[in-house]
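Structure file structure.pdb; described as PDB, C-alpha atoms and all ligand atoms.
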ATOM      1  CA  MET A   1       0.000   0.000   0.000
ATOM      2  CA  LYS A   2       1.239   3.449  -0.934
ATOM      3  CA  TYR A   3       0.620   7.009   0.101
ATOM      4  CA  ARG A   4      -1.911   9.008  -1.873
ATOM      5  CA  ILE A   5      -3.128  12.571  -1.429
ATOM      6  CA  VAL A   6      -6.826  13.108  -2.107
ATOM      7  CA  THR A   7      -7.825  16.750  -2.347
ATOM      8  CA  HIS A   8     -10.551  19.073  -3.610
ATOM      9  CA  GLY A   9     -10.162  19.007  -7.396
ATOM     10  CA  ASN A  10     -10.340  22.117  -9.635
ATOM     11  CA  CYS A  11      -9.965  24.269  -6.576
ATOM     12  CA  THR A  12      -7.053  26.564  -5.792
ATOM     13  CA  ASP A  13      -7.332  25.752  -2.085
ATOM     14  CA  GLY A  14      -7.412  22.036  -2.910
ATOM     15  CA  TYR A  15      -4.304  22.500  -5.056
ATOM     16  CA  SER A  16      -2.554  24.563  -2.375
ATOM     17  CA  SER A  17      -3.498  22.077   0.365
ATOM     18  CA  ALA A  18      -1.913  19.221  -1.569
ATOM     19  CA  PHE A  19       1.131  21.438  -2.166
ATOM     20  CA  VAL A  20       1.533  22.122   1.566
ATOM     21  CA  MET A  21       1.191  18.400   2.368
ATOM     22  CA  LYS A  22       3.957  17.527  -0.081
ATOM     23  CA  ARG A  23       6.140  20.450   0.957
ATOM     24  CA  PHE A  24       6.029  19.417   4.642
ATOM     25  CA  PHE A  25       5.431  15.696   4.186
ATOM     26  CA  ASN A  26       8.296  14.582   6.430
ATOM     27  CA  ASP A  27       7.336  17.092   9.141
ATOM     28  CA  PHE A  28       3.762  15.819   9.135
ATOM     29  CA  PHE A  29       4.523  12.111   9.215
ATOM     30  CA  GLY A  30       7.981  11.856  10.788
ATOM     31  CA  THR A  31       9.221  10.132   7.628
ATOM     32  CA  ALA A  32      12.537  10.666   5.855
ATOM     33  CA  LEU A  33      11.426  10.522   2.231
ATOM     34  CA  SER A  34      13.586  12.137  -0.438
ATOM     35  CA  LYS A  35      12.280  15.007  -2.596
ATOM     36  CA  LYS A  36      11.949  12.586  -5.501
ATOM     37  CA  GLN A  37       9.926  10.107  -3.442
ATOM     38  CA  ILE A  38       7.578  12.840  -2.233
ATOM     39  CA  GLN A  39       7.242  14.143  -5.775
ATOM     40  CA  LYS A  40       6.049  10.709  -6.862
ATOM     41  CA  ILE A  41       3.161  10.532  -4.362
ATOM     42  CA  PRO A  42       0.050  10.661  -6.536
ATOM     43  CA  VAL A  43      -2.526  13.395  -6.027
ATOM     44  CA  LEU A  44      -6.179  12.803  -6.822
ATOM     45  CA  GLY A  45      -8.553  15.753  -7.144
ATOM     46  CA  VAL A  46     -12.203  14.929  -6.405
ATOM     47  CA  GLN A  47     -15.407  16.810  -5.669
ATOM     48  CA  PRO A  48     -16.913  16.606  -2.148
ATOM     49  CA  HIS A  49     -20.071  14.781  -3.285
ATOM     50  CA  VAL A  50     -17.926  11.852  -4.453
ATOM     51  CA  ILE A  51     -16.965  11.262  -0.812
ATOM     52  CA  GLN A  52     -20.402  12.065   0.605
ATOM     53  CA  GLN A  53     -21.906   9.476  -1.705
ATOM     54  CA  LYS A  54     -19.160   6.985  -0.792
ATOM     55  CA  LYS A  55     -18.037   6.587  -4.384
ATOM     56  CA  LEU A  56     -14.308   6.530  -3.626
ATOM     57  CA  ILE A  57     -12.484   3.617  -2.019
ATOM     58  CA  PHE A  58      -9.988   4.753   0.594
ATOM     59  CA  THR A  59      -6.959   3.021   2.070
ATOM     60  CA  GLU A  60      -5.188   3.524   5.402
ATOM     61  CA  LYS A  61      -2.401   5.390   3.628
ATOM     62  CA  ASP A  62      -4.652   8.061   2.169
ATOM     63  CA  ILE A  63      -4.161  11.702   3.084
ATOM     64  CA  VAL A  64      -7.430  13.595   2.617
ATOM     65  CA  VAL A  65      -7.494  17.397   2.591
ATOM     66  CA  ASP A  66     -10.073  20.152   1.955
ATOM     67  CA  LEU A  67     -12.777  17.474   1.638
ATOM     68  CA  PRO A  68     -15.386  15.775   3.864
ATOM     69  CA  ARG A  69     -14.086  13.086   6.185
ATOM     70  CA  PRO A  70     -14.201   9.586   4.688
ATOM     71  CA  GLN A  71     -16.028   6.946   6.680
ATOM     72  CA  LYS A  72     -13.143   4.480   6.413
ATOM     73  CA  PRO A  73     -10.022   5.159   8.523
ATOM     74  CA  VAL A  74      -7.379   7.172   6.661
ATOM     75  CA  LEU A  75      -3.856   8.249   7.591
ATOM     76  CA  PHE A  76      -4.599  11.973   7.717
ATOM     77  CA  TRP A  77      -7.616  14.214   7.313
ATOM     78  CA  CYS A  78      -7.934  17.964   7.452
ATOM     79  CA  ASP A  79     -10.858  20.180   6.538
ATOM     80  CA  HIS A  80     -12.246  23.627   7.277
ATOM     81  CA  HIS A  81     -15.762  23.340   5.847
ATOM     82  CA  LEU A  82     -18.555  23.995   8.327
ATOM     83  CA  THR A  83     -20.548  21.038   7.060
ATOM     84  CA  SER A  84     -17.646  18.644   7.790
ATOM     85  CA  LYS A  85     -17.795  19.463  11.501
ATOM     86  CA  PRO A  86     -17.088  16.213  13.350
ATOM     87  CA  THR A  87     -19.545  15.034  15.968
ATOM     88  CA  GLY A  88     -17.242  13.040  18.269
ATOM     89  CA  GLU A  89     -13.606  13.078  19.310
ATOM     90  CA  LEU A  90     -11.139  12.990  16.398
ATOM     91  CA  PRO A  91      -8.321  10.448  16.118
ATOM     92  CA  GLU A  92      -4.716  11.640  15.908
ATOM     93  CA  ASN A  93      -3.829  13.166  12.525
ATOM     94  CA  HIS A  94      -7.405  14.248  11.948
ATOM     95  CA  HIS A  95      -8.003  17.983  12.024
ATOM     96  CA  TRP A  96     -11.031  20.204  11.678
ATOM     97  CA  LYS A  97     -11.359  23.894  12.360
ATOM     98  CA  ILE A  98     -13.108  26.879  10.803
ATOM     99  CA  THR A  99     -10.265  28.690   9.044
ATOM    100  CA  PRO A 100     -10.160  30.919   5.939
ATOM    101  CA  SER A 101      -8.480  28.211   3.846
ATOM    102  CA  CYS A 102      -7.518  24.577   4.311
ATOM    103  CA  ALA A 103      -4.026  25.261   2.924
ATOM    104  CA  GLY A 104      -3.513  28.019   5.498
ATOM    105  CA  TYR A 105      -4.683  25.676   8.259
ATOM    106  CA  LEU A 106      -2.235  22.998   7.086
ATOM    107  CA  ALA A 107       0.530  25.607   6.938
ATOM    108  CA  ASP A 108      -0.189  26.470  10.598
ATOM    109  CA  LEU A 109      -0.073  22.779  11.524
ATOM    110  CA  ALA A 110       3.269  22.428   9.712
ATOM    111  CA  LEU A 111       4.652  25.483  11.501
ATOM    112  CA  GLU A 112       3.572  23.984  14.832
ATOM    113  CA  LYS A 113       5.711  20.994  13.930
ATOM    114  CA  GLY A 114       8.762  23.213  13.706
ATOM    115  CA  ALA A 115       8.887  24.468  10.110
ATOM    116  CA  SER A 116       9.759  28.174   9.914
ATOM    117  CA  PRO A 117       7.923  30.409   7.435
ATOM    118  CA  SER A 118       9.664  32.593   4.880
ATOM    119  CA  ARG A 119       8.260  35.920   3.722
ATOM    120  CA  GLU A 120       7.157  34.199   0.505
ATOM    121  CA  PHE A 121       5.386  31.508   2.472
ATOM    122  CA  LEU A 122       3.386  34.095   4.420
ATOM    123  CA  ASP A 123       2.489  35.890   1.147
ATOM    124  CA  PHE A 124       1.250  32.594  -0.264
ATOM    125  CA  LYS A 125      -0.800  31.854   2.856
ATOM    126  CA  ARG A 126      -2.421  35.304   2.828
ATOM    127  CA  ALA A 127      -3.306  35.013  -0.872
ATOM    128  CA  ILE A 128      -4.967  31.615  -0.515
ATOM    129  CA  ASP A 129      -6.839  32.797   2.602
ATOM    130  CA  ILE A 130      -8.249  35.757   0.656
ATOM    131  CA  MET A 131      -9.284  33.520  -2.232
ATOM    132  CA  ASP A 132     -10.925  30.717  -0.314
ATOM    133  CA  ASN A 133     -12.646  32.946   2.225
ATOM    134  CA  ALA A 134     -13.613  35.641  -0.298
ATOM    135  CA  GLU A 135     -11.836  38.381   1.651
ATOM    136  CA  TYR A 136     -11.289  40.454  -1.485
ATOM    137  CA  THR A 137     -11.504  44.223  -1.504
ATOM    138  CA  LYS A 138     -13.069  45.857  -4.580
ATOM    139  CA  LYS A 139      -9.553  46.697  -5.687
ATOM    140  CA  ASP A 140      -8.493  43.026  -5.377
ATOM    141  CA  LEU A 141     -11.471  41.904  -7.483
ATOM    142  CA  LYS A 142     -10.665  44.474 -10.145
ATOM    143  CA  ALA A 143      -7.083  43.206 -10.201
ATOM    144  CA  CYS A 144      -7.975  39.504 -10.398
ATOM    145  CA  TYR A 145     -11.261  39.250 -12.356
ATOM    146  CA  TYR A 146     -10.880  42.028 -14.923
ATOM    147  CA  LYS A 147      -8.392  42.577 -17.747
ATOM    148  CA  GLN A 148      -5.321  44.645 -16.841
ATOM    149  CA  ASN A 149      -3.280  47.077 -18.884
ATOM    150  CA  ASN A 150      -0.154  45.123 -18.072
ATOM    151  CA  TYR A 151       0.922  42.127 -16.060
ATOM    152  CA  CYS A 152       4.506  43.163 -15.323
ATOM    153  CA  ARG A 153       4.511  42.927 -11.540
ATOM    154  CA  PRO A 154       1.738  40.583 -10.432
ATOM    155  CA  SER A 155       0.904  40.505  -6.715
ATOM    156  CA  PRO A 156       0.899  37.141  -4.875
ATOM    157  CA  LEU A 157      -2.915  37.246  -5.097
ATOM    158  CA  GLN A 158      -2.812  37.759  -8.868
ATOM    159  CA  LYS A 159      -0.219  34.978  -9.174
ATOM    160  CA  MET A 160      -2.465  32.535  -7.310
ATOM    161  CA  HIS A 161      -5.293  33.437  -9.712
ATOM    162  CA  MET A 162      -2.991  32.712 -12.656
ATOM    163  CA  ILE A 163      -2.261  29.280 -11.179
ATOM    164  CA  GLY A 164      -5.963  28.614 -10.518
ATOM    165  CA  ALA A 165      -6.776  29.570 -14.117
ATOM    166  CA  MET A 166      -4.624  26.673 -15.338
ATOM    167  CA  PHE A 167      -7.014  24.027 -14.018
ATOM    168  CA  ASN A 168     -10.231  25.999 -14.472
ATOM    169  CA  THR A 169     -10.529  25.792 -18.234
ATOM    170  CA  ARG A 170     -13.791  24.596 -19.765
ATOM    171  CA  ASP A 171     -12.331  21.163 -20.412
ATOM    172  CA  ALA A 172     -12.770  18.981 -17.303
ATOM    173  CA  ILE A 173     -10.348  16.278 -18.462
ATOM    174  CA  LEU A 174      -7.659  18.821 -19.271
ATOM    175  CA  ASN A 175      -8.211  20.446 -15.859
ATOM    176  CA  ASP A 176      -7.599  17.135 -14.080
ATOM    177  CA  GLU A 177      -4.464  16.506 -16.118
ATOM    178  CA  ILE A 178      -3.050  19.969 -15.372
ATOM    179  CA  PHE A 179      -3.965  19.660 -11.683
ATOM    180  CA  LYS A 180      -2.125  16.337 -11.405
ATOM    181  CA  THR A 181       0.841  17.530 -13.463
ATOM    182  CA  LEU A 182       1.375  20.656 -11.376
ATOM    183  CA  LEU A 183       1.385  18.586  -8.199
ATOM    184  CA  ALA A 184       3.708  15.927  -9.634
ATOM    185  CA  GLY A 185       6.460  18.342 -10.666
ATOM    186  CA  GLU A 186       9.394  19.749  -8.783
ATOM    187  CA  MET A 187       8.254  22.173  -6.122
ATOM    188  CA  GLY A 188       9.678  25.436  -4.931
ATOM    189  CA  GLU A 189       9.202  27.104  -1.570
ATOM    190  CA  THR A 190       5.570  27.853  -2.504
ATOM    191  CA  PRO A 191       3.575  27.750  -5.762
ATOM    192  CA  LEU A 192       4.533  31.426  -6.200
ATOM    193  CA  SER A 193       8.099  30.401  -7.059
ATOM    194  CA  SER A 194       7.785  26.841  -8.370
ATOM    195  CA  LYS A 195       9.906  26.959 -11.527
ATOM    196  CA  MET A 196       8.256  24.070 -13.342
ATOM    197  CA  LEU A 197       4.857  25.679 -12.866
ATOM    198  CA  TRP A 198       5.871  29.106 -14.185
ATOM    199  CA  GLN A 199       7.487  27.508 -17.241
ATOM    200  CA  LEU A 200       3.985  26.349 -18.204
ATOM    201  CA  ASN A 201       2.902  29.987 -18.653
ATOM    202  CA  PRO A 202       0.061  30.484 -16.159
ATOM    203  CA  LEU A 203      -0.393  34.058 -17.445
ATOM    204  CA  MET A 204      -1.609  32.682 -20.771
ATOM    205  CA  TYR A 205      -4.385  30.740 -18.997
ATOM    206  CA  HIS A 206      -5.205  33.721 -16.800
ATOM    207  CA  LYS A 207      -5.556  36.109 -19.742
ATOM    208  CA  ALA A 208      -7.920  33.654 -21.426
ATOM    209  CA  GLN A 209      -9.851  33.340 -18.180
ATOM    210  CA  LEU A 210     -10.190  37.138 -17.869
ATOM    211  CA  GLU A 211     -11.474  37.332 -21.445
ATOM    212  CA  GLY A 212     -13.888  34.522 -20.499
ATOM    213  CA  PHE A 213     -15.100  36.430 -17.421
ATOM    214  CA  GLU A 214     -15.787  39.477 -19.583
ATOM    215  CA  ARG A 215     -17.787  37.507 -22.154
ATOM    216  CA  TRP A 216     -19.664  35.709 -19.375
ATOM    217  CA  ARG A 217     -20.600  39.015 -17.716
ATOM    218  CA  ASP A 218     -21.861  40.413 -21.046
ATOM    219  CA  ASN A 219     -24.043  37.341 -21.532
ATOM    220  CA  VAL A 220     -25.340  37.060 -17.956
ATOM    221  CA  ASP A 221     -26.374  40.742 -18.086
ATOM    222  CA  THR A 222     -29.236  39.637 -20.335
ATOM    223  CA  TYR A 223     -30.902  37.514 -17.605
ATOM    224  CA  LEU A 224     -29.416  38.311 -14.190
ATOM    225  CA  ARG A 225     -32.152  39.656 -11.898
ATOM    226  CA  TYR A 226     -32.489  40.990  -8.380
ATOM    227  CA  ASP A 227     -35.284  39.712  -6.141
ATOM    228  CA  LYS A 228     -35.985  42.479  -3.626
ATOM    229  CA  GLU A 229     -37.974  40.366  -1.174
ATOM    230  CA  SER A 230     -35.304  37.754  -0.595
ATOM    231  CA  ARG A 231     -32.498  40.304  -1.166
ATOM    232  CA  CYS A 232     -31.020  37.859  -3.629
ATOM    233  CA  VAL A 233     -29.548  38.140  -7.110
ATOM    234  CA  ILE A 234     -30.726  35.209  -9.210
ATOM    235  CA  GLN A 235     -28.639  33.804 -12.006
ATOM    236  CA  ASP A 236     -30.704  31.096 -13.641
ATOM    237  CA  ASP A 237     -28.634  29.669 -16.470
ATOM    238  CA  ARG A 238     -31.670  27.867 -17.835
ATOM    239  CA  LYS A 239     -32.654  31.342 -19.107
ATOM    240  CA  ALA A 240     -29.391  31.798 -20.995
ATOM    241  CA  LYS A 241     -29.504  31.802 -24.784
ATOM    242  CA  THR A 242     -25.872  30.856 -25.110
ATOM    243  CA  ASN A 243     -23.268  29.434 -22.792
ATOM    244  CA  VAL A 244     -20.126  31.517 -23.187
ATOM    245  CA  GLY A 245     -17.119  32.440 -21.129
ATOM    246  CA  ASN A 246     -16.225  31.747 -17.522
ATOM    247  CA  PHE A 247     -18.416  32.119 -14.460
ATOM    248  CA  ASP A 248     -17.413  35.178 -12.395
ATOM    249  CA  ARG A 249     -18.754  34.300  -8.964
ATOM    250  CA  PHE A 250     -18.407  37.836  -7.611
ATOM    251  CA  TYR A 251     -20.037  39.779 -10.435
ATOM    252  CA  PHE A 252     -23.380  39.965  -8.616
ATOM    253  CA  CYS A 253     -21.955  42.064  -5.780
ATOM    254  CA  MET A 254     -20.201  44.425  -8.175
ATOM    255  CA  LYS A 255     -23.409  44.897 -10.178
ATOM    256  CA  TYR A 256     -25.921  44.886  -7.283
ATOM    257  CA  PRO A 257     -24.092  46.361  -4.271
ATOM    258  CA  GLN A 258     -27.393  46.412  -2.303
ATOM    259  CA  THR A 259     -27.838  42.620  -2.426
ATOM    260  CA  SER A 260     -27.318  40.274   0.524
ATOM    261  CA  TYR A 261     -27.218  36.981  -1.380
ATOM    262  CA  ASN A 262     -26.914  35.432  -4.772
ATOM    263  CA  LEU A 263     -28.239  32.183  -6.103
ATOM    264  CA  SER A 264     -26.843  30.551  -9.215
ATOM    265  CA  ILE A 265     -28.557  27.710 -11.012
ATOM    266  CA  ARG A 266     -26.640  25.669 -13.523
ATOM    267  CA  ILE A 267     -27.416  22.402 -15.257
ATOM    268  CA  THR A 268     -24.305  20.229 -15.460
ATOM    269  CA  TYR A 269     -23.207  18.070 -18.352
ATOM    270  CA  ASP A 270     -24.372  14.985 -16.444
ATOM    271  CA  GLU A 271     -27.905  16.395 -16.218
ATOM    272  CA  LYS A 272     -27.846  17.451 -12.591
ATOM    273  CA  ALA A 273     -28.735  20.881 -11.219
ATOM    274  CA  ARG A 274     -25.890  22.636  -9.464
ATOM    275  CA  LEU A 275     -27.034  25.358  -7.087
ATOM    276  CA  GLY A 276     -24.656  27.865  -5.573
ATOM    277  CA  ILE A 277     -25.616  30.316  -2.834
ATOM    278  CA  GLY A 278     -23.276  33.107  -1.842
ATOM    279  CA  SER A 279     -23.342  36.263   0.187
ATOM    280  CA  ASN A 280     -22.271  39.791  -0.697
ATOM    281  CA  ILE A 281     -18.576  39.651   0.146
ATOM    282  CA  PHE A 282     -18.408  43.398   0.776
ATOM    283  CA  ASN A 283     -21.186  43.208   3.382
ATOM    284  CA  LYS A 284     -20.926  39.773   4.958
ATOM    285  CA  GLU A 285     -22.771  41.056   8.052
ATOM    286  CA  TRP A 286     -25.960  41.153   5.922
ATOM    287  CA  CYS A 287     -25.821  37.369   5.653
ATOM    288  CA  ARG A 288     -28.109  35.996   8.375
ATOM    289  CA  VAL A 289     -28.418  32.446   7.086
ATOM    290  CA  ASP A 290     -25.836  29.697   7.413
ATOM    291  CA  LEU A 291     -25.597  29.024   3.681
ATOM    292  CA  GLY A 292     -23.527  25.818   4.025
ATOM    293  CA  SER A 293     -26.193  24.254   6.255
ATOM    294  CA  LEU A 294     -28.955  25.527   3.980
ATOM    295  CA  CYS A 295     -27.219  23.845   1.042
ATOM    296  CA  GLU A 296     -26.820  20.639   3.027
ATOM    297  CA  GLU A 297     -30.555  20.737   3.757
ATOM    298  CA  VAL A 298     -31.373  21.451   0.100
ATOM    299  CA  GLY A 299     -29.149  18.574  -1.031
ATOM    300  CA  LYS A 300     -30.849  16.092   1.268
ATOM    301  CA  LYS A 301     -34.358  17.348   0.530
ATOM    302  CA  PHE A 302     -34.077  17.349  -3.265
ATOM    303  CA  GLY A 303     -32.264  14.137  -4.053
ATOM    304  CA  GLY A 304     -28.607  15.118  -3.969
ATOM    305  CA  SER A 305     -25.994  16.480  -1.615
ATOM    306  CA  GLY A 306     -24.687  19.834  -0.486
ATOM    307  CA  GLY A 307     -22.637  21.758   2.026
ATOM    308  CA  GLY A 308     -20.104  24.528   2.400
ATOM    309  CA  HIS A 309     -19.246  27.421   4.677
ATOM    310  CA  TYR A 310     -21.386  29.957   6.575
ATOM    311  CA  TYR A 311     -21.095  32.574   3.818
ATOM    312  CA  VAL A 312     -21.111  30.318   0.764
ATOM    313  CA  GLY A 313     -22.447  26.906  -0.106
ATOM    314  CA  GLY A 314     -23.363  24.618  -2.945
ATOM    315  CA  ALA A 315     -25.642  21.707  -3.681
ATOM    316  CA  VAL A 316     -26.050  19.251  -6.510
ATOM    317  CA  ILE A 317     -29.623  17.999  -6.889
ATOM    318  CA  ARG A 318     -31.938  16.283  -9.373
ATOM    319  CA  THR A 319     -32.822  18.543 -12.297
ATOM    320  CA  GLU A 320     -36.560  17.966 -12.055
ATOM    321  CA  LYS A 321     -36.500  19.192  -8.438
ATOM    322  CA  CYS A 322     -34.826  22.458  -9.384
ATOM    323  CA  ASP A 323     -37.823  24.848  -9.330
ATOM    324  CA  GLU A 324     -39.004  23.468  -6.028
ATOM    325  CA  ALA A 325     -35.524  23.887  -4.556
ATOM    326  CA  VAL A 326     -35.220  27.483  -5.805
ATOM    327  CA  LYS A 327     -38.525  28.386  -4.158
ATOM    328  CA  PHE A 328     -37.423  26.684  -0.938
ATOM    329  CA  ILE A 329     -34.146  28.640  -0.908
ATOM    330  CA  LEU A 330     -35.711  32.035  -1.624
ATOM    331  CA  ASP A 331     -38.320  31.437   1.120
ATOM    332  CA  ALA A 332     -35.584  30.468   3.551
ATOM    333  CA  LEU A 333     -33.625  33.643   2.743
ATOM    334  CA  LYS A 334     -36.777  35.763   3.237
ATOM    335  CA  GLU A 335     -37.763  34.213   6.542
ATOM    336  CA  ARG A 336     -34.556  33.557   8.384
TER     337      ARG A 336
HETATM  338 MN    MN B   1     -11.098  25.115   0.968
END

With the file now loaded, output its structure as structure tokens.
Ligand SMILES: [Mn+2]
Amino acid sequence: MKYRIVTHGNCTDGYSSAFVMKRFFNDFFGTALSKKQIQKIPVLGVQPHVIQQKKLIFTEKDIVVDLPRPQKPVLFWCDHHLTSKPTGELPENHHWKITPSCAGYLADLALEKGASPSREFLDFKRAIDIMDNAEYTKKDLKACYYKQNNYCRPSPLQKMHMIGAMFNTRDAILNDEIFKTLLAGEMGETPLSSKMLWQLNPLMYHKAQLEGFERWRDNVDTYLRYDKESRCVIQDDRKAKTNVGNFDRFYFCMKYPQTSYNLSIRITYDEKARLGIGSNIFNKEWCRVDLGSLCEEVGKKFGGSGGGHYYVGGAVIRTEKCDEAVKFILDALKER
């Protein structure tokens, strides 16, 4: 049996969490593996529902990060999602805490074990915390989601977006391949300075992503609407005439600064409805509903699964239950 790292696929925090595990592997497990041996440890990116629906077989050498806790015993588990909150006492090497990002949490655990952080490492940690916890300022969003005049001196936050863009193309198979490849290559101090990664030209992916955001915003403008009663912006992709560009998950709070929530409805290629509920990141205090729990409830009620954080959550449900679920969500936002 061999080590394997299972992490949240297509997700910059999932990527960064796997990076931190590899970077501090020997500190975490008291092993003395060489760089080459650590490099060879395979990384699998999966979506949370795969674990919730028990579709993945785990072994006792699996290291599971930024994902729900598997039911089988694994070597190591760490998560920061509200809906993964454990009920009983946790075994050794299992960690759960509400933190801005899972990678940042793992970095803290590694530092507790004696690793000392460089300036670059702290920059990396701050950037991933901002991304995964949506702690952006308006200026940050403008710098990371909109085209720039030049890209000469990218900030750590912009660099992490460039990396994320590499495995967030519209081709799911390509995304998985890039995700795996990045985590199988030689690693630097942090992703910000990993040579192999920067040779693959993340800026090229990022520029394409920014163009995609712009085209997406132009298209979504034709059907995005604000529901005053529930204080929610509704993006129902079933109303879209075309499907272009890349989803900009923060557009709603740039366009409707008065909104408390947003609800996005998308039908996936495997004929499921994917619902996302978020809060206005510039006014998080307006969010009075635990959106992760609401999504968990919606998942269970409408034939799927869901979860997330207090301020943002997601659920995948059966397509034919979609209208019912939307009504349920908007009522919950009105009442609670
Ligand atoms: Mn995360």

> Applied to the shown file, which residues does the PyMOL selection byres (((chain A and resi 304) around 7) and not hetatm) return, written as a list in words?
Replying inline: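 For this structure, the PyMOL selection byres (((chain A and resi 304) around 7) and not hetatm) captures Gly299, Lys300, Phe302, Gly303, Ser305, Val316, Ile317 and Arg318 of chain A.
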
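A distance cut-off of 6 Å from ligand MN 1 (chain B), applied to all atoms listed in the file, picks out the residues Asp13, Asp66, Ser101, Cys102 and Asp132 of chain A.
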
> Using all atoms listed in the file, can you list as a PyMOL selection string the residues within 10 Å of (9.4, 25.3, -2.6)?
Replying inline: chain A and resi 19-20+22-24+120-121+186-195

> Evaluating the PyMOL selection byres (((chain A and resi 108) around 12) and not hetatm) on the displayed file yields which residues, as a PyMOL selection string?
Replying inline: chain A and resi 17+20-21+24+28+78+95+97+99-107+109-117+121-122+125-126

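Applied to the file shown here, the PyMOL selection byres (((chain A and resi 228-231) around 6) and not hetatm) selects Asp227, Cys232, Thr259, Ser260, Leu330, Leu333 and Lys334 of chain A.
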
>> Just the number, please: distance in Å from atom CA of A:Thr169 to atom CA of A:Ile265, one decimal.
In response: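 Calculated distance between atom CA of A:Thr169 and atom CA of A:Ile265 is 19.5 Å.
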
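Between atom CA of A:Cys253 and atom CA of A:Ser279 the interatomic distance comes to 8.4 Å.
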
>> One number please: atom CA of A:Ile130 to atom CA of A:Tyr226, in Å, one decimal.
In response: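 Atom-to-atom, atom CA of A:Ile130 to atom CA of A:Tyr226, that is 26.4 Å.
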
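Contact shell of stretch 32-49 of chain A at 6 Å (only C-alpha atoms; same-chain neighbours under 2 positions omitted): Arg4, Ile5, Val6, Thr7, His8, Gly9, Asn26, Ile51, Gln52, Gln53, Leu67 and Ala184 of chain A.
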
Distance table requested - stretch 65-184 of chain A against stretch 55-60 of chain A, cut-off 8 Å, all atoms listed in the file: one row per qualifying residue with the closest atom pair and its distance in Å to one decimal, ordered by chain and rising residue number, as CSV.
residue,atom,partner,partner_atom,distance
A:Pro70,CA,A:Phe58,CA,7.6
A:Lys72,CA,A:Phe58,CA,6.6
A:Pro73,CA,A:Glu60,CA,6.0
A:Val74,CA,A:Glu60,CA,4.4
A:Leu75,CA,A:Glu60,CA,5.4

Output file request: stretch 23-36 of chain A, with N, CA and C atoms, as an mmCIF file, in the first residue's frame.
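Resulting contents of selection00.cif:
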data_model
loop_
_atom_site.group_PDB
_atom_site.id
_atom_site.type_symbol
_atom_site.label_atom_id
_atom_site.label_comp_id
_atom_site.auth_asym_id
_atom_site.auth_seq_id
_atom_site.Cartn_x
_atom_site.Cartn_y
_atom_site.Cartn_z
ATOM 1 N N ARG A 23 5.035 19.582 0.533
ATOM 2 C CA ARG A 23 6.140 20.450 0.957
ATOM 3 C C ARG A 23 6.618 20.070 2.364
ATOM 4 N N PHE A 24 5.667 19.726 3.249
ATOM 5 C CA PHE A 24 6.029 19.417 4.642
ATOM 6 C C PHE A 24 5.759 17.955 4.986
ATOM 7 N N PHE A 25 5.813 17.094 3.985
ATOM 8 C CA PHE A 25 5.431 15.696 4.186
ATOM 9 C C PHE A 25 6.169 15.054 5.360
ATOM 10 N N ASN A 26 7.489 15.209 5.369
ATOM 11 C CA ASN A 26 8.296 14.582 6.430
ATOM 12 C C ASN A 26 7.997 15.165 7.809
ATOM 13 N N ASP A 27 7.693 16.478 7.852
ATOM 14 C CA ASP A 27 7.336 17.092 9.141
ATOM 15 C C ASP A 27 6.014 16.523 9.649
ATOM 16 N N PHE A 28 5.080 16.321 8.735
ATOM 17 C CA PHE A 28 3.762 15.819 9.135
ATOM 18 C C PHE A 28 3.822 14.378 9.636
ATOM 19 N N PHE A 29 4.619 13.549 8.948
ATOM 20 C CA PHE A 29 4.523 12.111 9.215
ATOM 21 C C PHE A 29 5.776 11.509 9.845
ATOM 22 N N GLY A 30 6.756 12.357 10.167
ATOM 23 C CA GLY A 30 7.981 11.856 10.788
ATOM 24 C C GLY A 30 8.735 10.881 9.892
ATOM 25 N N THR A 31 8.538 11.003 8.589
ATOM 26 C CA THR A 31 9.221 10.132 7.628
ATOM 27 C C THR A 31 10.520 10.802 7.172
ATOM 28 N N ALA A 32 11.312 10.074 6.401
ATOM 29 C CA ALA A 32 12.537 10.666 5.855
ATOM 30 C C ALA A 32 12.579 10.419 4.353
ATOM 31 N N LEU A 33 11.488 10.746 3.684
ATOM 32 C CA LEU A 33 11.426 10.522 2.231
ATOM 33 C C LEU A 33 12.261 11.579 1.509
ATOM 34 N N SER A 34 12.824 11.183 0.374
ATOM 35 C CA SER A 34 13.586 12.137 -0.438
ATOM 36 C C SER A 34 12.607 12.996 -1.236
ATOM 37 N N LYS A 35 13.120 14.122 -1.773
ATOM 38 C CA LYS A 35 12.280 15.007 -2.596
ATOM 39 C C LYS A 35 11.628 14.239 -3.731
ATOM 40 N N LYS A 36 12.441 13.369 -4.363
ATOM 41 C CA LYS A 36 11.949 12.586 -5.501
ATOM 42 C C LYS A 36 10.798 11.676 -5.087
#
